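model.json, holding JSON, C-alpha atoms:
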```
[["chain", "number", "residue", "atom", "x", "y", "z"],
["N", 1, "MET", "CA", -23.64, -93.83, 16.62],
["N", 2, "ALA", "CA", -25.57, -97.06, 16.21],
["N", 3, "LYS", "CA", -24.43, -98.07, 19.70],
["N", 4, "LEU", "CA", -25.92, -94.87, 21.10],
["N", 5, "GLU", "CA", -29.21, -95.40, 19.26],
["N", 6, "LEU", "CA", -29.32, -98.94, 20.62],
["N", 7, "ALA", "CA", -28.79, -97.67, 24.18],
["N", 8, "ALA", "CA", -31.90, -95.49, 23.87],
["N", 9, "GLU", "CA", -33.93, -98.38, 22.44],
["N", 10, "GLU", "CA", -32.75, -100.75, 25.16],
["N", 11, "ASP", "CA", -33.65, -98.24, 27.88],
["N", 12, "ALA", "CA", -37.14, -97.89, 26.44],
["N", 13, "GLU", "CA", -37.54, -101.68, 26.41],
["N", 14, "LEU", "CA", -36.28, -102.03, 29.99],
["N", 15, "ASN", "CA", -38.69, -99.31, 31.05],
["N", 16, "ARG", "CA", -41.63, -101.12, 29.41],
["N", 17, "GLU", "CA", -40.61, -104.22, 31.39],
["N", 18, "GLY", "CA", -40.54, -102.27, 34.64],
["N", 19, "GLU", "CA", -36.76, -102.47, 34.91],
["N", 20, "PRO", "CA", -34.34, -99.57, 35.49],
["N", 21, "ALA", "CA", -33.19, -97.88, 32.28],
["N", 22, "ILE", "CA", -29.39, -97.98, 32.56],
["N", 23, "TYR", "CA", -27.98, -98.14, 29.04],
["N", 24, "LYS", "CA", -27.95, -94.42, 28.24],
["N", 25, "LEU", "CA", -26.23, -93.67, 31.51],
["N", 26, "LYS", "CA", -23.65, -96.39, 30.84],
["N", 27, "SER", "CA", -23.13, -95.03, 27.31],
["N", 28, "LEU", "CA", -22.92, -91.39, 28.35],
["N", 29, "PRO", "CA", -19.07, -91.31, 28.32],
["N", 30, "LEU", "CA", -19.11, -92.63, 24.74],
["N", 31, "LEU", "CA", -21.64, -89.99, 23.70],
["N", 32, "THR", "CA", -19.73, -87.10, 25.27],
["N", 33, "GLU", "CA", -16.37, -88.30, 23.99],
["N", 34, "ALA", "CA", -17.57, -88.79, 20.42],
["N", 35, "LEU", "CA", -19.53, -85.55, 20.18],
["N", 36, "SER", "CA", -16.81, -83.41, 21.75],
["N", 37, "LYS", "CA", -14.54, -83.96, 18.74],
["N", 38, "LYS", "CA", -14.70, -80.56, 17.06],
["N", 39, "ARG", "CA", -13.50, -81.85, 13.69],
["N", 40, "LEU", "CA", -16.45, -84.25, 13.48],
["N", 41, "GLN", "CA", -19.25, -82.06, 14.80],
["N", 42, "GLN", "CA", -20.28, -80.70, 11.41],
["N", 43, "LYS", "CA", -20.49, -84.24, 10.02],
["N", 44, "PHE", "CA", -22.57, -85.34, 13.00],
["N", 45, "LEU", "CA", -24.99, -82.49, 12.32],
["N", 46, "ASP", "CA", -25.16, -83.40, 8.64],
["N", 47, "HIS", "CA", -26.01, -86.99, 9.59],
["N", 48, "GLY", "CA", -28.85, -86.27, 11.98],
["N", 49, "ILE", "CA", -27.24, -86.19, 15.41],
["N", 50, "LEU", "CA", -29.99, -83.84, 16.62],
["N", 51, "ASN", "CA", -32.50, -86.68, 16.23],
["N", 52, "LEU", "CA", -30.33, -88.94, 18.38],
["N", 53, "LEU", "CA", -30.02, -86.25, 21.03],
["N", 54, "ARG", "CA", -33.81, -85.83, 21.05],
["N", 55, "THR", "CA", -34.20, -89.57, 21.53],
["N", 56, "TRP", "CA", -31.80, -89.43, 24.43],
["N", 57, "LEU", "CA", -33.61, -86.48, 26.04],
["N", 58, "GLU", "CA", -37.23, -87.56, 25.68],
["N", 59, "PRO", "CA", -39.10, -89.19, 28.56],
["N", 60, "LEU", "CA", -39.25, -92.99, 28.74],
["N", 61, "PRO", "CA", -42.41, -94.87, 27.64],
["N", 62, "ASP", "CA", -43.91, -94.75, 31.14],
["N", 63, "GLY", "CA", -43.36, -90.98, 31.28],
["N", 64, "SER", "CA", -40.29, -91.18, 33.51],
["N", 65, "LEU", "CA", -37.93, -88.28, 33.06],
["N", 66, "LEU", "CA", -34.31, -88.74, 32.16],
["N", 67, "ASN", "CA", -31.35, -88.74, 34.49],
["N", 68, "ARG", "CA", -30.04, -85.26, 35.27],
["N", 69, "ALA", "CA", -26.45, -86.18, 34.31],
["N", 70, "ILE", "CA", -27.66, -87.15, 30.83],
["N", 71, "ARG", "CA", -29.68, -83.97, 30.45],
["N", 72, "GLU", "CA", -26.79, -81.74, 31.56],
["N", 73, "ALA", "CA", -24.31, -83.54, 29.29],
["N", 74, "ILE", "CA", -26.55, -83.20, 26.23],
["N", 75, "LEU", "CA", -27.16, -79.53, 26.87],
["N", 76, "LYS", "CA", -23.42, -78.94, 27.16],
["N", 77, "ILE", "CA", -22.94, -80.80, 23.88],
["N", 78, "LEU", "CA", -25.56, -78.59, 22.21],
["N", 79, "ILE", "CA", -23.78, -75.47, 23.45],
["N", 80, "ASP", "CA", -20.51, -76.71, 21.99],
["N", 81, "PHE", "CA", -21.94, -77.69, 18.60],
["N", 82, "PRO", "CA", -21.68, -75.32, 15.62],
["N", 83, "ILE", "CA", -25.43, -74.89, 15.19],
["N", 84, "ASP", "CA", -25.88, -71.63, 13.30],
["N", 85, "LEU", "CA", -29.62, -70.98, 13.34],
["N", 86, "ARG", "CA", -29.13, -68.21, 10.79],
["N", 87, "GLN", "CA", -28.66, -71.00, 8.24],
["N", 88, "GLU", "CA", -31.96, -72.25, 6.85],
["N", 89, "GLU", "CA", -30.71, -75.86, 6.75],
["N", 90, "ARG", "CA", -29.78, -75.82, 10.45],
["N", 91, "ARG", "CA", -33.09, -74.22, 11.45],
["N", 92, "GLU", "CA", -34.93, -76.97, 9.55],
["N", 93, "GLN", "CA", -32.81, -79.67, 11.17],
["N", 94, "MET", "CA", -33.56, -78.26, 14.59],
["N", 95, "LYS", "CA", -37.29, -78.13, 13.87],
["N", 96, "LYS", "CA", -37.40, -81.64, 12.40],
["N", 97, "SER", "CA", -35.39, -83.10, 15.27],
["N", 98, "GLY", "CA", -38.10, -82.27, 17.80],
["N", 99, "LEU", "CA", -35.57, -81.11, 20.39],
["N", 100, "GLY", "CA", -37.66, -78.06, 21.20],
["N", 101, "LYS", "CA", -40.74, -80.16, 21.98],
["N", 102, "VAL", "CA", -38.77, -82.42, 24.30],
["N", 103, "TRP", "CA", -37.31, -79.37, 26.01],
["N", 104, "PHE", "CA", -40.80, -78.04, 26.71],
["N", 105, "ILE", "CA", -41.88, -81.42, 28.12],
["N", 106, "LEU", "CA", -38.94, -81.35, 30.50],
["N", 107, "GLN", "CA", -39.61, -77.76, 31.42],
["N", 108, "ALA", "CA", -43.31, -78.44, 32.05],
["N", 109, "ASN", "CA", -42.35, -81.23, 34.45],
["N", 110, "ASN", "CA", -40.13, -78.90, 36.47],
["N", 111, "CYS", "CA", -37.24, -81.13, 35.54],
["N", 112, "ILE", "CA", -35.15, -78.19, 34.44],
["N", 113, "LEU", "CA", -33.66, -75.99, 37.09],
["N", 114, "VAL", "CA", -29.93, -75.54, 36.68],
["N", 115, "SER", "CA", -30.25, -76.63, 33.04],
["N", 116, "ARG", "CA", -32.33, -73.59, 32.10],
["N", 117, "SER", "CA", -29.27, -71.38, 31.66],
["N", 118, "LEU", "CA", -27.56, -74.12, 29.65],
["N", 119, "MET", "CA", -30.50, -74.36, 27.24],
["N", 120, "ILE", "CA", -30.65, -70.59, 26.82],
["N", 121, "GLU", "CA", -26.95, -70.65, 26.02],
["N", 122, "ALA", "CA", -27.46, -73.55, 23.60],
["N", 123, "THR", "CA", -30.22, -71.79, 21.69],
["N", 124, "ASN", "CA", -28.24, -68.56, 21.54],
["N", 125, "SER", "CA", -24.94, -70.12, 20.48],
["N", 126, "GLY", "CA", -24.00, -70.33, 16.84]]
```

What is this file in structure tokens?
Amino acid sequence: MAKLELAAEEDAELNREGEPAIYKLKSLPLLTEALSKKRLQQKFLDHGILNLLRTWLEPLPDGSLLNRAIREAILKILIDFPIDLRQEERREQMKKSGLGKVWFILQANNCILVSRSLMIEATNSG
């Protein structure tokens, strides 16, 4: 997961330098492959994966919005994850992660069209 955190940090740095942010997009196959492993999803949740996903979803330092492929992949991951919001611990994790705030930023910027149904499904799953 450190590699995925580094990709987000490197993209932010490239963006500050006026360069294209390419590391998250290059690392997207690693993210989707790792997080699609059902047997590890609970452990990922227990170790703060929601924070990483927020970092991947949030706009870059200059306010640029993320690539649509990244957004769609993360929303599909969230749908697949065993996030049971009836559990107090999971609700707290979701709140602390800040995913909801990032979602509203994306929505306010009309960045979410097809993804809207995916997010509804993600918040209703579990």

Give as a PDB file with C-alpha atoms, keeping the file's coordinate frame each residue that has an atom at most 10 Å from (-28.6, -99.0, 30.7) in the file, counting all atoms listed in the file.
```
ATOM      1  CA  ALA N   7     -28.790 -97.670  24.180  1.00  0.00           C
ATOM      2  CA  ALA N   8     -31.900 -95.490  23.870  1.00  0.00           C
ATOM      3  CA  GLU N   9     -33.930 -98.380  22.440  1.00  0.00           C
ATOM      4  CA  GLU N  10     -32.750-100.750  25.160  1.00  0.00           C
ATOM      5  CA  ASP N  11     -33.650 -98.240  27.880  1.00  0.00           C
ATOM      6  CA  ALA N  12     -37.140 -97.890  26.440  1.00  0.00           C
ATOM      7  CA  LEU N  14     -36.280-102.030  29.990  1.00  0.00           C
ATOM      8  CA  GLU N  19     -36.760-102.470  34.910  1.00  0.00           C
ATOM      9  CA  PRO N  20     -34.340 -99.570  35.490  1.00  0.00           C
ATOM     10  CA  ALA N  21     -33.190 -97.880  32.280  1.00  0.00           C
ATOM     11  CA  ILE N  22     -29.390 -97.980  32.560  1.00  0.00           C
ATOM     12  CA  TYR N  23     -27.980 -98.140  29.040  1.00  0.00           C
ATOM     13  CA  LYS N  24     -27.950 -94.420  28.240  1.00  0.00           C
ATOM     14  CA  LEU N  25     -26.230 -93.670  31.510  1.00  0.00           C
ATOM     15  CA  LYS N  26     -23.650 -96.390  30.840  1.00  0.00           C
ATOM     16  CA  SER N  27     -23.130 -95.030  27.310  1.00  0.00           C
ATOM     17  CA  LEU N  28     -22.920 -91.390  28.350  1.00  0.00           C
TER      18      LEU N  28
END
```

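Residues in contact with Gly98 of chain N at up to 8 Å, not including ones fewer than 3 positions away on its chain and judged by all atoms listed in the file, are N:Asn51, N:Arg54, N:Met94, N:Lys95, N:Lys101, N:Val102.
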
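If you measure from each of N:Ile74, N:Ile83, N:Leu30, N:Leu4 to Lys43 of chain N using only C-alpha atoms, the closest one turns out to be N:Ile83.
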
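Counting only C-alpha atoms and comparing N:Ala2, N:Leu45, N:Ile105, N:Leu40, the residue that lies closest to Leu66 of chain N is N:Ile105.
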
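Relative to atom CA of Glu89 of chain N, atom CA of Ile70 of chain N is found at 26.8 Å.
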
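Rounded to one decimal, atom CA of Pro29 of chain N and atom CA of Ala69 of chain N lie 10.8 Å from each other.
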
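Ranking N:Gly18, N:Gly100, N:Pro82, N:Gly63 by their shortest atom-to-atom distance to Arg39 of chain N, with only C-alpha atoms included, puts N:Pro82 first.
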
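Atom CA of Leu106 of chain N sits 20.5 Å away from atom CA of Glu5 of chain N.
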
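Ranking N:Arg90, N:Lys3, N:Arg68, N:Arg16 by their shortest atom-to-atom distance to His47 of chain N, with all atoms listed in the file included, puts N:Arg90 first.
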
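Distance check against Ala73 of chain N using only C-alpha atoms: of N:Leu57, N:Ile49, N:Leu99, N:Leu6, the minimum falls on N:Leu57.
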
Residues within 12 Å of Lys38 of chain N, please, as an mmCIF file with C-alpha atoms, in the frame of the given file. Count all atoms listed in the file; anything in the same chain fewer than 4 positions from it doesn't count.
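Generated output (result.cif):
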```cif
data_model
loop_
_atom_site.group_PDB
_atom_site.id
_atom_site.type_symbol
_atom_site.label_atom_id
_atom_site.label_comp_id
_atom_site.auth_asym_id
_atom_site.auth_seq_id
_atom_site.Cartn_x
_atom_site.Cartn_y
_atom_site.Cartn_z
ATOM 1 C CA THR N 32 -19.730 -87.100 25.270
ATOM 2 C CA GLU N 33 -16.370 -88.300 23.990
ATOM 3 C CA ALA N 34 -17.570 -88.790 20.420
ATOM 4 C CA GLN N 42 -20.280 -80.700 11.410
ATOM 5 C CA LYS N 43 -20.490 -84.240 10.020
ATOM 6 C CA PHE N 44 -22.570 -85.340 13.000
ATOM 7 C CA LEU N 45 -24.990 -82.490 12.320
ATOM 8 C CA ILE N 77 -22.940 -80.800 23.880
ATOM 9 C CA ASP N 80 -20.510 -76.710 21.990
ATOM 10 C CA PHE N 81 -21.940 -77.690 18.600
ATOM 11 C CA PRO N 82 -21.680 -75.320 15.620
#
```

Complete the atom set of segment 80-101 of chain N to N, CA, C and O atoms and return it as a CSV table (one decimal), in the coordinates of the input.
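Contents of selection.csv, freshly written:
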```csv
chain,number,residue,atom,x,y,z
N,80,ASP,N,-21.8,-76.6,22.7
N,80,ASP,CA,-20.5,-76.7,22.0
N,80,ASP,C,-20.6,-76.9,20.5
N,80,ASP,O,-19.7,-76.6,19.7
N,81,PHE,N,-21.8,-77.4,20.0
N,81,PHE,CA,-21.9,-77.7,18.6
N,81,PHE,C,-22.1,-76.4,17.8
N,81,PHE,O,-22.7,-75.4,18.2
N,82,PRO,N,-21.6,-76.5,16.5
N,82,PRO,CA,-21.7,-75.3,15.6
N,82,PRO,C,-23.1,-75.2,14.9
N,82,PRO,O,-23.2,-75.4,13.7
N,83,ILE,N,-24.1,-75.0,15.7
N,83,ILE,CA,-25.4,-74.9,15.2
N,83,ILE,C,-25.7,-73.4,14.9
N,83,ILE,O,-26.1,-72.7,15.9
N,84,ASP,N,-25.6,-73.0,13.7
N,84,ASP,CA,-25.9,-71.6,13.3
N,84,ASP,C,-27.3,-71.5,12.8
N,84,ASP,O,-27.6,-71.9,11.7
N,85,LEU,N,-28.2,-71.0,13.7
N,85,LEU,CA,-29.6,-71.0,13.3
N,85,LEU,C,-29.9,-69.9,12.3
N,85,LEU,O,-31.1,-69.8,11.9
N,86,ARG,N,-28.9,-69.2,11.9
N,86,ARG,CA,-29.1,-68.2,10.8
N,86,ARG,C,-29.2,-69.0,9.5
N,86,ARG,O,-29.6,-68.4,8.5
N,87,GLN,N,-28.6,-70.2,9.4
N,87,GLN,CA,-28.7,-71.0,8.2
N,87,GLN,C,-30.0,-71.7,8.2
N,87,GLN,O,-30.4,-72.4,9.1
N,88,GLU,N,-30.7,-71.6,7.0
N,88,GLU,CA,-32.0,-72.2,6.8
N,88,GLU,C,-31.9,-73.8,7.1
N,88,GLU,O,-32.8,-74.3,7.8
N,89,GLU,N,-30.9,-74.4,6.6
N,89,GLU,CA,-30.7,-75.9,6.8
N,89,GLU,C,-30.7,-76.3,8.2
N,89,GLU,O,-31.3,-77.2,8.6
N,90,ARG,N,-29.9,-75.5,9.0
N,90,ARG,CA,-29.8,-75.8,10.4
N,90,ARG,C,-31.1,-75.6,11.2
N,90,ARG,O,-31.5,-76.3,12.1
N,91,ARG,N,-31.8,-74.5,10.8
N,91,ARG,CA,-33.1,-74.2,11.4
N,91,ARG,C,-34.0,-75.4,11.2
N,91,ARG,O,-34.8,-75.8,12.1
N,92,GLU,N,-34.1,-75.8,9.9
N,92,GLU,CA,-34.9,-77.0,9.6
N,92,GLU,C,-34.6,-78.2,10.3
N,92,GLU,O,-35.4,-79.0,10.8
N,93,GLN,N,-33.3,-78.5,10.4
N,93,GLN,CA,-32.8,-79.7,11.2
N,93,GLN,C,-33.3,-79.6,12.6
N,93,GLN,O,-33.7,-80.6,13.2
N,94,MET,N,-33.2,-78.4,13.2
N,94,MET,CA,-33.6,-78.3,14.6
N,94,MET,C,-35.1,-78.5,14.7
N,94,MET,O,-35.5,-79.2,15.6
N,95,LYS,N,-35.8,-77.9,13.8
N,95,LYS,CA,-37.3,-78.1,13.9
N,95,LYS,C,-37.7,-79.6,13.7
N,95,LYS,O,-38.5,-80.1,14.5
N,96,LYS,N,-37.1,-80.2,12.7
N,96,LYS,CA,-37.4,-81.6,12.4
N,96,LYS,C,-36.9,-82.6,13.5
N,96,LYS,O,-37.5,-83.6,13.7
N,97,SER,N,-35.9,-82.2,14.2
N,97,SER,CA,-35.4,-83.1,15.3
N,97,SER,C,-36.4,-83.2,16.4
N,97,SER,O,-36.4,-84.3,17.1
N,98,GLY,N,-37.2,-82.2,16.7
N,98,GLY,CA,-38.1,-82.3,17.8
N,98,GLY,C,-37.5,-81.9,19.1
N,98,GLY,O,-38.1,-82.1,20.2
N,99,LEU,N,-36.2,-81.5,19.1
N,99,LEU,CA,-35.6,-81.1,20.4
N,99,LEU,C,-36.3,-80.1,21.2
N,99,LEU,O,-36.4,-80.2,22.4
N,100,GLY,N,-36.9,-79.1,20.5
N,100,GLY,CA,-37.7,-78.1,21.2
N,100,GLY,C,-38.9,-78.6,22.0
N,100,GLY,O,-39.1,-78.2,23.1
N,101,LYS,N,-39.6,-79.5,21.3
N,101,LYS,CA,-40.7,-80.2,22.0
N,101,LYS,C,-40.3,-80.9,23.2
N,101,LYS,O,-41.0,-80.8,24.3
```
